[in-house]
Structures are given as C-alpha cells and as structure tokens.
Amino acid sequence: MEEMDKVYNPAFEKRIYEKWMRGKCFEAHVNPEKEPFTIMMPPPNITGQLHMGHAMDETMQDILTRFKRMNGYEALWLPGTDHASIATEVKIIEKIKKEEGLTKEEIGRDEFLKRAWAWKEQYDGRIVEQLKGLGVSCDWSKKAFTMDDNLSAAVKEAFVRYYNKGLIYRGSRIINWCPECKTALSDAEVEYEEQQSNLWYLRYPIVGENDAIVVATTRPETMLGDTAVAVNPKDEKMAKYIGKIVMLPLMNREIPVVGDDYCEIGFGTGAVKITPAHDPNDFEVGLRHNLPIIQVIGEDGLMNDNAGTYQGLDRLTARKRIVEDLNALGLVEKIQPYAHNVGTCYRCGETVESLVSKQWFVKMKPLAEPAIKAVKSKKTEFIPSRFEKIYFNWMENIKDWCISRQLWWGHRIPAYYCDDCDEMVVSKTDVLTCPKCGGKMRQDEDVLDTWFSSALWPFSTLGYPKKTKNLAYFYPTSALVTGYDIIFFWVARMIFSGIEFMGEPPFSDVLIHGLVRDAQGRKMSKSLGNGIDPLEIIDNYGADALRFALINGVAPGSDTRFSKEKIESCRNFINKLWNASRFVIMNIKEDDDLSMPSRFNGADKWILTKLNDVIKEVTVNLNKYELGVAAATLYDFTWSEFCDWYIEMSKNALYSDNKKEHEHAVAMLVCVLTEILKLLHPFIPFITEEIYSKYSNGRILMVEDWPVFNKKYVFRKEEANFEGLKDIVVAIRNVRNEMNVVPSKRVSAYSIAKDEKFIESAVPYLNKLAGISDVKFVKSKEEIKEKTTAVVTHDAEFLIPLGELIDEQKEIERIKAEIAETEAIIKKTEGLLANTAFVSKAPQKLVDNERDKLAKAQDKLAKLKDKLNAFA
RNA sequence: GGAGGCAUGGCUCAGUUGGUUAGAGCACACGGUUCACAUCCGUGAGGUCGUUGGUUCGAGUCCAACUGUCUCCACCA
C-alpha cells in the first residue's frame with residue numbers, strides 16, 4: 001500500500017480537483033432515466049474576489065449537489081458570474097481615474113466598454129479559480145455570465161414581453177438619485193443611516209395678513225422648490241389656513257396652503273412645506289393637488305437655475321446660506337437638534353437625492369400577486385420558514401420597480417427613439433429607421449438595473465428564450481441557496497420572473513443561510529478591516545477544513561462566527577480522519593481480501609448498528625437541509641465511535657498471526673471506513689477522495705453510491721451489550737485515574753457477574769481498553785483476600801486489587817458520592833412512578849423505561865452499600 | 001412606527017415532532033514517550049437553559065408578558 005504522511009497536509013487538493021475535471025465528474029446531461037436535481041449558483045459579482053459569505057454559500061450548494069449526485073440524481077450545479085452593473089462601473093471609473101487620470105465621459109462610451117470587458121476577463125477568471133479552490137462540483141461546461149449573448153437575448157425578450165403586456169412603462173416619477181454615480185436607483189438600492197441634524201422651523205408669511213405659518217423641515221435648501229404648504233383638514237387649529245396664500249421667502253413666490261391627510265396632526269407645527277420635486281411624499285401630495293413641480297437640485301447634486309442666487313452651490317452650502325439669509329429676515333423661528341435617517345447609495349455611500357426624472361418602471365402589483373401565491377401554496381418553500389414572512393411583507397407592500405440606470409456597463413434598454421418625430425419603438429432587434437417617418441432612430445442611452453438580468457438567471461442560463469432540452473429537463477430548479485440579505489434584490493424577483501416567463505416558480509426550495517461574522521460577532525467589512533480571507537484559510541488549513549468549519553453545528557438561517565479556534569478544531573478532525581485511514585491502510589497486507597465479511601463478531605455488530613443509524617440520520621438531515629446536524633453526527637461517529645472504540649477493539653485481531661483473524665479485522669475496518677468516507681464526502685470532498693484513492697483501485701469516490709440504511713446490519717442486542725461494555729471500561733478507567741493507578745499497569749480483576757459468558761468474551765477488550773489483564777470469576781466477595789476498589793454496574797461488579805496504591809479514604813468518598821448520585825435517581829424515579837397521572841397518561845414504553853431504570857438503580861445501590869460496608 | 005431573530009457551563013454554539021442524569025468544540029485541572037494520530041490519548045470539574053406566569057402527568061423545547069441584545073422593513077416633515 002501507498003505510504004501516507006504522518007500529518008494531514010492538504011497539498012493534494014489541486015491534484016484531486018484536476019482528477020475530477022479530467023473525469024468530467026461534474027457535468028450533467030439531459031437523462032430521462034434519472035431525476036434531475038438542479039441548483040443555480042448565485043453568480044458572484046465580477047467586482048472582487050471570494051469572501052467568507054461566498055465560501056459558506058458555495059459549500060452548502062456543493063454539499064447538496066454531491067449528496068444528490070451520489071443518490072442517483074442527474075445533479076446539475078450551474079455556475080456563473082454577474083456583470084454587477086453599478087458596482088463594476090464604479091470600480092472601473094476608479095481604475096481609469098487612477099491609471100489614466102480620465103473620467104468616463106472623457107474616454108467615451110465605446111472605449112469605456114472595452115475597458116469594462118477587459119476587467120471582466122480578468123476578474124471573472126480569478127473568481128472561477130477561487131471557486132475551484134473551494135472544491136465546488138459545478139458543471140463548468142455550462143458556465144454563464146449575465147452579459148453573454150444568450151443571456152442578453154433573454155433580457156431583451158423579457159423587456160419586450162413585459163412592455164407588450166403593459167407591465168413596463170416609461171414615465172416621470174420621483175426616484176432615488178445618486179449624485180456621485182449619476183444614476184437612478186431602485187428603492188432596494190438605498191440604505192438608510194441615522195444622522196444627527198436639525199429640525200429648522202421656518203416662518204412663511206401669509207399674504208395680506210400680519211401672520212405667518214411656521215413649517216418644520218430637515219432640509220431647508222429644498223424650500224426654494226416649495227409649491228405649497230399642507231395642513232391636515234381635520235386639524236381644528238390649522239384647517240382655517242386652507243385656501244390662504246403664503247409668500248415663499250427668498251423666492252418671493254406665492255404658494256397655496258392645501259389640506260391633506262399626509263400632514264399629521266400633532267407633529268411639528270401642524271404644517272408641512274411641500275416640495276414635489278424632492279420628496280416622494282410631497283410628490284404624491286403634489287399629484288393630488290395638481291401642484292407645479294419645481295426642481296431646484298440638479299443631477300450633479302448642485303443647486304440648479306431654478307435656485308436663483310443659490311445656483312451652483314452644493315446642497316450643504318446652500319442649506320447653510322439659506323438658513324443664514326432666512327435668519328437675517330427674522331424668518332427662522334427656532335432650530336432644534338434632530339436625529340433622522342438619511343438615504344445613501346448602497347454602492348458609493350453618497351447621500352441620495354430624491355428628484356423627478358423620466359425613467360423606465362416595471363409595474364409590480366400584477367407580478368407580485370402570483371409570486372405571493374406561489375409561496376403561500378408551498379410551491380416554493382423557504383427554509384427556515386420564518387423568512388417567508390419577510391418575503392410576504394415586501395411583496396405585499398411593493399412599489400413599482402425603477403429599472404433604468406444612467407450607466408454604460410450593462411444591458412442597454414431596447415427602446416429606440418426617432419430624432420424627427422416623437423415615435424418610440426421597443427424591440428428585440430435594432431431599429432435604425434423610424435417606422436412612422438423614416439427618420440433616424442437612436443437607442444435609449446440607459447442600461448437596465450443589474451437585478452433585471454439576474455432575475456432571469458434560473459432560465460436564461462438554460463437557454464431561454466430558446467426552448468432548449470436543458471431548459472425542459474432542468475427547469476424548474478430544485479433549490480436556491482443564498483443569504484437573507486438578498487431576498488428582495490434577487491430571490492423575490494426571480495420568483496415573479498420565473499412565473500411570468502416560464503409559467504412556474506424557478507425553484508421549489510429556498511435555503512436561506514446567515515452571515516459569517518468575525519470572532520467577536522461583528523459583520524466582516526472592509527472598513528473595519530476584520531474580514532478573513534477564505535483563500536488564506538485554504539492555503540493554511542485546506543479547503544476541507546474551511547468547509548467543515550463553515551457548516552459543522554450551524555443551524556439553518558442563523559449567523560455564525562468564524563474563529564481560529566474553530567478552523568483549528570476542524571483541521572484536527574480532518575487530521576484524525578487522515579490518521580485513522582492511514583492506520584487502516586497500512587495494515588492492509590498484499591493479498592488481503594477486503595470484501596465485506598459475512599460473519600460478524602460482537603464488536604462488528606455493534607459498529608455496524610451504529611453505522612446504520614448514522615447513515616439514516618445523516619441522510620434524513622441532509623434531505624431536511626440540516627447540514628450542521630449531519631456534519632456534527634459524522635464528526636462524533638468518526639471520532640468518538642470509530643476511532644476511539646472500534647479501531648481500538650480491532651487491534652488484537654488486526655495484529656494476529658492468524659491470517660483469517662487479521663483479514664477479518666482489516667476487511668471490517670476498510671468497509672466501515674469506506675462508508676464513512678462516502679458519508680463525509682459531500683462535506684470534505686478532497687481528503688475523502690484522496691484517502692479512497694489509496695485503496696480503491698482507481699475508483700472515484702464522488703461518483704460512488706450513497707450508503708443506504710440496511711436492517712441486515714442492525715443488531716440491537718449486541719449494540720446494547722457493547723454500550724454496556726463501554727460503560728464498564730470508562731468506569732474502570734475512572735477508578736484507576738482517581739486512585740492514581742498508573743494507567744499502563746496491567747492488573748487482574750475479580751468479577752461477580754450475572755452474565756459470565758458475556759464478560760468472558762469481553763475480557764480481551766477490557767485488556768486492551770482498561771488495562772485489565774485477566775478476570776477471575778468469584779461467587780462472593782468473601783473469596784477475595786486483597787483490598788480492592790470496585791466498579792459497580794447493574795450487570796456486573798469488578799473488583800480491582802490496588803495493593804498499596806489504594807487510598808482507602810478516597811475510595812470511601814468515591815463510593816459515597818456514587819451512592820448519593822444513585823439515591824437521587826431512585827428518589828426522582830420513585831416519585832415519578834408514584835404519580836398516577838404519569839403512569840396512566842404517559843406512553844407505556846416510557847413508564848417501562850422508568851421502572852427498568854429504578855430496578856437497575858436499586859440493584860446498583862445495594863452493591864454499593866455492600867462495598868461501603870466492607871470498609872467499615 | 002411595523003416585523004423577526006437570539007438569550008443554554010469561562011467562550012462559541014447544538015438541542016429535530018415536549019419524555020432517561022441537557023450535549024459538543026475551545027479554554028481549564030489531573031494523568032499519559034503502549035508501534036494511526038501530541039493537529040494525540042485517558043479522566044475530571046463546570047449549567048436553577050434571561051425573568052415571571054400559563055398549558056401539560058411532564059417544559060430548554062409550546063403560549064403570554066417583561067428585560068436585554070441583534071437584524072430587517074417603513075421613514076412623518
């Protein structure tokens with residue numbers, strides 16, 4: 001057999017990945033014989049590199065894909081990347097500025113796009129390499145990019161279909177505008193942060209009266225664009241002002257006082273200034289009262305030519321100047337410190353401006369309805385289910401989706417305008433001449449929101465709008481795995497898009513996971529500098545250790561912390577597996593028959609029973625998406641049962657000169673190990689594949705069949721016997737430790753046992769595991785002359801001579817403590833059984849258990865008391 | 001303002017439909033040079049499961065309120 005290093009070293013990971021690639025193990029094909037299992041990888045942005053969140057996300061998908069593949073599904077995990085319109089454009093602009101000292105306008109659209117595609121080539125490739133390092137088993141032959149030709153065709157198809165159904169429209173609406181990125185943003189792209197500011201109370205004089213209305217505002221600079229003041233008509237104190245005219249200070253413009261419910265009674269002064277051009281709520285009020293819209297802040301964030309003498313000032317300077325000027329006029333009533341939330345751009349952080357602009361929108365209500373129904377009817381299920389509430393909350397309160405962006409990197413809007421007449425055509429193909437007047441047509445300058453294309457991901461990647469075989473076979477997909485942070489951006493939009501264009505929701509299960517935080521529980525972020533680079537972890541500990549650390553013991557949907565301690569303990573587990581395997585493999589002799597034996601000894605029956613239970617538990621939990629439980633189960637079984645007990649129990653036979661005995665032991669070890677490797681493979685694919693290659697004669701583990709629970713290998717009686725044996729061994733070790741008996745010293749013991757035959761068969765194990773060299777059976781304690789210490793179980797009593805090493809006092813205390821413990825159990829159990837309600841209402845099995853427990857405890861107590869008396 | 005999560009030994013977390021003495025990893029104490037592994041082996045100490053009340057024969061688990069904490073949504077000037 002091949003030599004294995006004494007310490008686990010993940011250097012083989014690259015080699016294993018290449019082996020899988022060479023074997024085309026990841027590729028999935030239309031196969032009517034098999035049921036498909038499909039996962040679409042959430043496409044990473046080409047802006048950067050893989051972070052811990054990706055590592056967790058990809059690991060979970062890989063586990064599911066490998067598990068299903070081994071279970072006989074045609075498993076497709078389709079990878080890809082996202083052009084990430086605004087995020088990438090921001091980065092490219094930065095790069096051009098730094099390297100060439102130019103703005104994007106200076107180099108022009110065509111040159112800019114050339115640089116963008118060069119960026120894509122570089123970063124896309126880098127991400128693919130990083131994904132491979134994680135061990136992802138996705139089908140690279142189907143890799144997609146949101147701006148590939150066929151995915152772009154899907155975008156055009158979707159746009160035109162929406163438009164023709166009246167679900168896309170172009171209109172002037174108030175939108176979120178980023179003055180830094182100089183583009184519109186959807187509501188989802190605005191992040192709010194609390195800022196300390198002031199509430200300014202401004203006096204607006206009433207025309208023809210010696211009175212004024214006081215309004216409160218957080219944004220004095222927008223007053224230049226006020227076109228009304230609103231009061232609540234139900235407000236007894238304020239209603240009298242409705243219909244009056246106030247003089248807008250500084251601008252000397254007369255504006256009306258209107259009555260509108262929007263103005264809340266009791267808040268502020270009871271009157272609110274209305275700036276339809278720069279506030280979404282004011283915009284609505286403006287529509288209701290037919291107010292003019294006066295834009296005073298331009299798309300560059302500067303005051304525009306409607307702002308009079310303030311033109312050209314930035315927003316904050318204008319604010320300062322306006323307050324000063326109003327103050328000079330005696331029109332500032334008071335200034336009150338005030339904390340409020342300010343919208344910022346999710347990409348650049350700049351304060352977002354609300355302004356009125358002509359943009360493209362998707363009408364959401366008709367799309368949201370069936371999307372809500374799909375989840376309500378469980379056609380699509382969220383795991384954990386509580387995330388459904390978040391989804392419903394958003395879907396039910398949804399507003400129209402602003403999809404146009406004033407950017408260059410992305411899918412250009414397929415709308416064409418005539419230079420000569422006002423004709424507009426929306427078309428999948430380029431339109432050069434106007435169908436109406438024959439004039440020259442020019443395409444809309446804007447691109448689509450990046451999420452418009454990712455919303456189509458589950459089917460655009462399979463060939464849509466073409467009716468491909470892949471699409472028919474693999475759609476709808478099985479599961480979507482992603483973080484809760486993009487439920488709105490992406491998951492919700494995929495659901496309504498899938499229903500709209502494919503007629504059914506894009507996936508049946510949405511597995512939501514949490515965030516990976518740092519060791520102190522903080523979100524990993526660039527500004528804090530607390531991010532942990534998964535690539536560095538892979539270099540130092542291996543991808544398997546990283547994967548296990550991100551999954552083991554993590555409950556679905558909850559955040560997890562990543563720490564050095566965690567990754568080390570996982571690496572140690574992998575090292576344990578490595579060494580256990582190494583031990584088994586180095587004991588294989590040239591001509592050993594490694595096939596599964598047909599007859600089993602007690603220890604074999606015990607481990608096979610345990611193994612079958614583990615197979616069942618792991619399979620059930622993986623099917624329930626309880627990856628953390630499944631991983632923990634395997635960790636425990638591998639280390640605490642297989643390594644700690646079964647391997648140790650096998651050693652005598654393994655080293656035996658008797659060929660048959662040795663061969664039996666080694667074959668059993670190999671068979672159990674192989675099952676363990678298969679079960680662990682989805683979690684830690686590299687090391688399991690590497691170990692398997694040492695003895696599998698060229699077979700590849702990742703395409704082997706998943707282990708199945710088989711009751712042929714379940715032996716409950718032997719299982720119970722060996723669990724009892726383990727208890728005895730632990731108890732003996734305990735006594736030896738407490739009595740300070742040198743552990744390596746072999747001692748012979750006496751035993752008074754109910755089942756002498758079983759104890760007799762257990763002697764070799766007691767020898768190996770507890771240092772008991774031999775056991776003499778006696779009928780009563782009187783036969784023993786030496787001083788002994790006792791291990792008492794209900795089936796047997798072991799009396800271990802301790803010679804001069806015994807500390808009598810300590811032994812008495814130990815027995816007393818054990819008596820107290822046993823008495824407590826008896827008391828509690830007796831109380832329970834005396835409760836007639838319990839006995840009559842609890843399941844019979846439970847009551848029997850309690851009775852059995854009581855009998856055993858009483859039996860044990862008698863022996864302990866006996867033993868104590870012997871010291872008296 | 002609305003919604004949701006979390007609260008379990010020193011730390012980080014498991015705990016499936018309510019049912020033996022509530023588990024693990026790390027840290028800690030003690031003991032180990034047995035030919036797989038010190039990235040190890042053995043043993044141990046450490047928890048009134050946030051508080052109060054309720055449902056139940058039985059509650060860490062279900063219900064209610066409260067306290068603390070985190071997150072999401074909305075954004076009222």
# chains A, B, ... in the order shown; residues from 1 in each chain; ligands from 1
>>> select_by_dssp(residues="region 165-367 of chain A", states="strand (DSSP E or B)", output="PyMOL selection string")
chain A and resi 168-178+183-185+190-206+212-217+228-231+245-248+253-259+271-274+297+302-303+314+332-345+351+353-362
>>> closest_atom_pairs(of="chain B", to="chain A", cutoff="8 Å", atoms="only C-alpha atoms (C1' of nucleotides)", output="Markdown table")
| residue | atom | partner | partner_atom | distance |
| --- | --- | --- | --- | --- |
| B:A3 | C1' | A:Ile390 | CA | 7.8 |
| B:G4 | C1' | A:Arg386 | CA | 7.9 |
| B:U12 | C1' | A:Arg561 | CA | 7.7 |
| B:C13 | C1' | A:Gly553 | CA | 7.2 |
| B:A14 | C1' | A:Gly553 | CA | 5.9 |
| B:G19 | C1' | A:Leu846 | CA | 7.2 |
| B:U20 | C1' | A:Glu850 | CA | 7.5 |
| B:U21 | C1' | A:Ile825 | CA | 7.5 |
| B:G25 | C1' | A:Ser569 | CA | 7.0 |
| B:C26 | C1' | A:Glu565 | CA | 6.3 |
| B:G31 | C1' | A:Asn737 | CA | 7.0 |
| B:G32 | C1' | A:Pro743 | CA | 7.6 |
| B:U34 | C1' | A:Ser744 | CA | 7.5 |
| B:A36 | C1' | A:Phe583 | CA | 4.2 |
| B:C37 | C1' | A:Asn579 | CA | 5.3 |
| B:U39 | C1' | A:Asn572 | CA | 4.6 |
| B:G42 | C1' | A:Arg733 | CA | 7.4 |
| B:U43 | C1' | A:Asn734 | CA | 5.8 |
| B:C57 | C1' | A:Phe838 | CA | 3.8 |
| B:G58 | C1' | A:Phe838 | CA | 7.6 |
| B:C72 | C1' | A:Ile390 | CA | 7.8 |
| B:C73 | C1' | A:Trp394 | CA | 7.6 |
| B:C75 | C1' | A:Asn341 | CA | 7.5 |
| B:C76 | C1' | A:Glu264 | CA | 6.9 |
| B:A77 | C1' | A:Thr217 | CA | 5.4 |
>>> residues_around(residues="C66 (chain B)", least_positions_apart="3", cutoff="12 Å", atoms="only C-alpha atoms (C1' of nucleotides)", output="PyMOL selection string")
chain B and resi 50-53
>>> residues_around(residues="Glu89 (chain A)", least_positions_apart="6", cutoff="12 Å", atoms="only C-alpha atoms (C1' of nucleotides)", output="PDB file with N, CA, C and O atoms, in the first residue's frame")
ATOM      1  N   ASN A  45     -20.366  38.650  -8.101  1.00  0.00           N
ATOM      2  CA  ASN A  45     -20.046  39.841  -8.879  1.00  0.00           C
ATOM      3  C   ASN A  45     -18.614  39.752  -9.375  1.00  0.00           C
ATOM      4  O   ASN A  45     -17.749  39.243  -8.670  1.00  0.00           O
ATOM      5  N   ILE A  46     -18.402  40.326 -10.567  1.00  0.00           N
ATOM      6  CA  ILE A  46     -17.028  40.315 -11.061  1.00  0.00           C
ATOM      7  C   ILE A  46     -16.214  41.474 -10.489  1.00  0.00           C
ATOM      8  O   ILE A  46     -15.135  41.770 -10.968  1.00  0.00           O
ATOM      9  N   THR A  47     -16.755  42.110  -9.443  1.00  0.00           N
ATOM     10  CA  THR A  47     -16.040  43.249  -8.888  1.00  0.00           C
ATOM     11  C   THR A  47     -14.869  42.858  -8.021  1.00  0.00           C
ATOM     12  O   THR A  47     -13.963  43.633  -7.811  1.00  0.00           O
ATOM     13  N   HIS A  83     -22.440  40.598 -14.056  1.00  0.00           N
ATOM     14  CA  HIS A  83     -21.710  41.793 -14.503  1.00  0.00           C
ATOM     15  C   HIS A  83     -21.797  42.920 -13.482  1.00  0.00           C
ATOM     16  O   HIS A  83     -20.968  43.807 -13.454  1.00  0.00           O
ATOM     17  N   LYS A  95     -10.579  52.970 -11.490  1.00  0.00           N
ATOM     18  CA  LYS A  95      -9.344  52.465 -12.094  1.00  0.00           C
ATOM     19  C   LYS A  95      -8.867  53.401 -13.201  1.00  0.00           C
ATOM     20  O   LYS A  95      -7.681  53.734 -13.279  1.00  0.00           O
ATOM     21  N   ILE A  96      -9.801  53.838 -14.045  1.00  0.00           N
ATOM     22  CA  ILE A  96      -9.433  54.718 -15.150  1.00  0.00           C
ATOM     23  C   ILE A  96      -8.897  56.044 -14.608  1.00  0.00           C
ATOM     24  O   ILE A  96      -7.915  56.582 -15.102  1.00  0.00           O
ATOM     25  N   THR A 103     -11.935  60.815 -16.830  1.00  0.00           N
ATOM     26  CA  THR A 103     -13.286  60.446 -16.433  1.00  0.00           C
ATOM     27  C   THR A 103     -13.890  59.578 -17.527  1.00  0.00           C
ATOM     28  O   THR A 103     -13.338  59.484 -18.633  1.00  0.00           O
ATOM     29  N   LYS A 104     -15.032  58.972 -17.205  1.00  0.00           N
ATOM     30  CA  LYS A 104     -15.613  58.082 -18.221  1.00  0.00           C
ATOM     31  C   LYS A 104     -16.121  58.882 -19.413  1.00  0.00           C
ATOM     32  O   LYS A 104     -16.048  58.419 -20.549  1.00  0.00           O
ATOM     33  N   ARG A 109     -18.045  56.254 -24.456  1.00  0.00           N
ATOM     34  CA  ARG A 109     -18.754  55.012 -24.182  1.00  0.00           C
ATOM     35  C   ARG A 109     -18.062  53.778 -24.747  1.00  0.00           C
ATOM     36  O   ARG A 109     -17.889  52.772 -24.050  1.00  0.00           O
ATOM     37  N   PHE A 112     -14.858  52.996 -22.966  1.00  0.00           N
ATOM     38  CA  PHE A 112     -15.180  52.575 -21.607  1.00  0.00           C
ATOM     39  C   PHE A 112     -15.591  51.107 -21.586  1.00  0.00           C
ATOM     40  O   PHE A 112     -15.140  50.318 -20.744  1.00  0.00           O
ATOM     41  N   LEU A 113     -16.444  50.737 -22.536  1.00  0.00           N
ATOM     42  CA  LEU A 113     -16.920  49.351 -22.571  1.00  0.00           C
ATOM     43  C   LEU A 113     -15.790  48.374 -22.884  1.00  0.00           C
ATOM     44  O   LEU A 113     -15.770  47.255 -22.376  1.00  0.00           O
ATOM     45  N   ARG A 115     -12.748  48.687 -21.884  1.00  0.00           N
ATOM     46  CA  ARG A 115     -12.037  48.501 -20.622  1.00  0.00           C
ATOM     47  C   ARG A 115     -12.857  47.640 -19.663  1.00  0.00           C
ATOM     48  O   ARG A 115     -12.314  46.844 -18.897  1.00  0.00           O
ATOM     49  N   ALA A 116     -14.163  47.808 -19.729  1.00  0.00           N
ATOM     50  CA  ALA A 116     -15.037  47.015 -18.863  1.00  0.00           C
ATOM     51  C   ALA A 116     -14.935  45.524 -19.204  1.00  0.00           C
ATOM     52  O   ALA A 116     -14.863  44.669 -18.312  1.00  0.00           O
ATOM     53  N   TRP A 117     -14.907  45.234 -20.513  1.00  0.00           N
ATOM     54  CA  TRP A 117     -14.798  43.819 -20.903  1.00  0.00           C
ATOM     55  C   TRP A 117     -13.435  43.242 -20.528  1.00  0.00           C
ATOM     56  O   TRP A 117     -13.324  42.067 -20.169  1.00  0.00           O
ATOM     57  N   TRP A 119     -11.765  44.160 -17.932  1.00  0.00           N
ATOM     58  CA  TRP A 119     -11.930  43.940 -16.492  1.00  0.00           C
ATOM     59  C   TRP A 119     -12.630  42.609 -16.248  1.00  0.00           C
ATOM     60  O   TRP A 119     -12.223  41.803 -15.421  1.00  0.00           O
ATOM     61  N   LYS A 120     -13.699  42.409 -16.998  1.00  0.00           N
ATOM     62  CA  LYS A 120     -14.485  41.180 -16.843  1.00  0.00           C
ATOM     63  C   LYS A 120     -13.599  39.954 -17.063  1.00  0.00           C
ATOM     64  O   LYS A 120     -13.628  39.012 -16.262  1.00  0.00           O
ATOM     65  N   CYS A 181     -22.809  58.578  -8.445  1.00  0.00           N
ATOM     66  CA  CYS A 181     -22.838  57.635  -9.565  1.00  0.00           C
ATOM     67  C   CYS A 181     -23.637  58.204 -10.735  1.00  0.00           C
ATOM     68  O   CYS A 181     -23.623  57.641 -11.828  1.00  0.00           O
ATOM     69  N   LYS A 182     -24.342  59.286 -10.478  1.00  0.00           N
ATOM     70  CA  LYS A 182     -25.158  59.952 -11.501  1.00  0.00           C
ATOM     71  C   LYS A 182     -26.123  58.996 -12.193  1.00  0.00           C
ATOM     72  O   LYS A 182     -26.185  58.898 -13.410  1.00  0.00           O
ATOM     73  N   THR A 183     -26.842  58.282 -11.352  1.00  0.00           N
ATOM     74  CA  THR A 183     -27.837  57.366 -11.907  1.00  0.00           C
ATOM     75  C   THR A 183     -29.015  57.238 -10.959  1.00  0.00           C
ATOM     76  O   THR A 183     -28.913  57.559  -9.772  1.00  0.00           O
ATOM     77  N   ARG A 347     -23.828  51.618  -3.125  1.00  0.00           N
ATOM     78  CA  ARG A 347     -22.528  51.336  -3.730  1.00  0.00           C
ATOM     79  C   ARG A 347     -21.466  52.352  -3.353  1.00  0.00           C
ATOM     80  O   ARG A 347     -20.326  52.018  -3.112  1.00  0.00           O
ATOM     81  N   CYS A 348     -21.828  53.636  -3.322  1.00  0.00           N
ATOM     82  CA  CYS A 348     -20.784  54.628  -3.060  1.00  0.00           C
ATOM     83  C   CYS A 348     -20.990  55.367  -1.742  1.00  0.00           C
ATOM     84  O   CYS A 348     -20.103  56.082  -1.295  1.00  0.00           O
ATOM     85  N   ARG A 405     -31.002  52.705 -15.527  1.00  0.00           N
ATOM     86  CA  ARG A 405     -29.840  53.249 -14.827  1.00  0.00           C
ATOM     87  C   ARG A 405     -29.034  54.070 -15.822  1.00  0.00           C
ATOM     88  O   ARG A 405     -28.801  53.630 -16.953  1.00  0.00           O
ATOM     89  N   GLN A 406     -28.562  55.208 -15.346  1.00  0.00           N
ATOM     90  CA  GLN A 406     -27.811  56.074 -16.241  1.00  0.00           C
ATOM     91  C   GLN A 406     -26.340  55.651 -16.214  1.00  0.00           C
ATOM     92  O   GLN A 406     -25.459  56.375 -15.782  1.00  0.00           O
ATOM     93  N   LEU A 407     -26.141  54.423 -16.641  1.00  0.00           N
ATOM     94  CA  LEU A 407     -24.805  53.837 -16.626  1.00  0.00           C
ATOM     95  C   LEU A 407     -24.506  53.294 -18.014  1.00  0.00           C
ATOM     96  O   LEU A 407     -25.367  53.262 -18.878  1.00  0.00           O
ATOM     97  N   TRP A 408     -23.299  52.843 -18.203  1.00  0.00           N
ATOM     98  CA  TRP A 408     -22.897  52.299 -19.512  1.00  0.00           C
ATOM     99  C   TRP A 408     -22.699  50.791 -19.482  1.00  0.00           C
ATOM    100  O   TRP A 408     -22.852  50.116 -20.474  1.00  0.00           O
ATOM    101  N   TRP A 409     -22.284  50.292 -18.309  1.00  0.00           N
ATOM    102  CA  TRP A 409     -21.962  48.855 -18.203  1.00  0.00           C
ATOM    103  C   TRP A 409     -23.230  48.075 -17.842  1.00  0.00           C
ATOM    104  O   TRP A 409     -23.704  48.170 -16.706  1.00  0.00           O
ATOM    105  N   GLY A 410     -23.763  47.367 -18.822  1.00  0.00           N
ATOM    106  CA  GLY A 410     -24.975  46.613 -18.561  1.00  0.00           C
ATOM    107  C   GLY A 410     -25.753  46.381 -19.843  1.00  0.00           C
ATOM    108  O   GLY A 410     -25.244  46.614 -20.947  1.00  0.00           O
ATOM    109  N   VAL A 447     -28.925  51.825 -19.322  1.00  0.00           N
ATOM    110  CA  VAL A 447     -28.894  50.365 -19.185  1.00  0.00           C
ATOM    111  C   VAL A 447     -29.887  49.941 -18.105  1.00  0.00           C
ATOM    112  O   VAL A 447     -30.445  50.773 -17.394  1.00  0.00           O
ATOM    113  N   THR A 450     -29.030  45.946 -12.731  1.00  0.00           N
ATOM    114  CA  THR A 450     -28.320  44.671 -12.818  1.00  0.00           C
ATOM    115  C   THR A 450     -29.202  43.498 -12.370  1.00  0.00           C
ATOM    116  O   THR A 450     -29.066  42.376 -12.840  1.00  0.00           O
TER     117      THR A 450
END
>>> atom_distance(atom1="CA of Asp544 (chain A)", atom2="CA of Pro458 (chain A)")
28.5 Å
>>> atom_distance(atom1="CA of Glu641 (chain A)", atom2="CA of Glu818 (chain A)")
26.3 Å
>>> residues_around(residues="Ile815 (chain A)", least_positions_apart="3", cutoff="12 Å", atoms="only C-alpha atoms (C1' of nucleotides)", output="mmCIF file with C-alpha atoms, in the first residue's frame")
data_model
loop_
_atom_site.group_PDB
_atom_site.id
_atom_site.type_symbol
_atom_site.label_atom_id
_atom_site.label_comp_id
_atom_site.auth_asym_id
_atom_site.auth_seq_id
_atom_site.Cartn_x
_atom_site.Cartn_y
_atom_site.Cartn_z
ATOM 1 C CA VAL A 735 -11.390 4.454 39.136
ATOM 2 C CA GLU A 738 -8.958 8.731 40.628
ATOM 3 C CA THR A 789 -11.742 -0.991 44.670
ATOM 4 C CA ALA A 790 -14.983 -1.576 42.898
ATOM 5 C CA VAL A 791 -16.694 -0.725 39.657
ATOM 6 C CA VAL A 792 -20.320 -1.466 40.028
ATOM 7 C CA GLU A 808 -8.920 3.940 51.469
ATOM 8 C CA GLN A 809 -10.387 7.250 52.496
ATOM 9 C CA LYS A 810 -10.583 8.447 48.942
ATOM 10 C CA GLU A 811 -12.230 5.227 47.860
ATOM 11 C CA ILE A 812 -14.826 5.548 50.596
ATOM 12 C CA GLU A 818 -21.788 7.368 43.810
ATOM 13 C CA ILE A 819 -24.341 6.245 46.383
ATOM 14 C CA ALA A 820 -25.680 9.761 46.685
ATOM 15 C CA GLU A 821 -25.996 10.015 42.928
ATOM 16 C CA THR A 822 -27.783 6.690 42.693
ATOM 17 C CA LYS A 860 -26.621 -0.918 41.947
ATOM 18 C CA LEU A 861 -27.313 0.859 45.220
ATOM 19 C CA ALA A 862 -27.370 -2.431 47.129
ATOM 20 C CA LYS A 863 -23.985 -3.408 45.727
ATOM 21 C CA LEU A 864 -22.508 -0.021 46.506
ATOM 22 C CA LYS A 865 -23.722 -0.145 50.087
ATOM 23 C CA ASP A 866 -22.320 -3.617 50.405
ATOM 24 C CA LYS A 867 -18.993 -2.368 49.194
ATOM 25 C CA LEU A 868 -19.030 0.538 51.590
ATOM 26 C CA ASN A 869 -19.702 -1.788 54.488
ATOM 27 C CA ALA A 870 -16.646 -3.762 53.585
ATOM 28 C CA PHE A 871 -14.538 -0.761 54.517
#
>>> residues_around(residues="Gly301 (chain A)", least_positions_apart="2", cutoff="12 Å", atoms="only C-alpha atoms (C1' of nucleotides)", output="PyMOL selection string")
chain A and resi 177-183+221+278+295-299+303-304+311-318+350-355
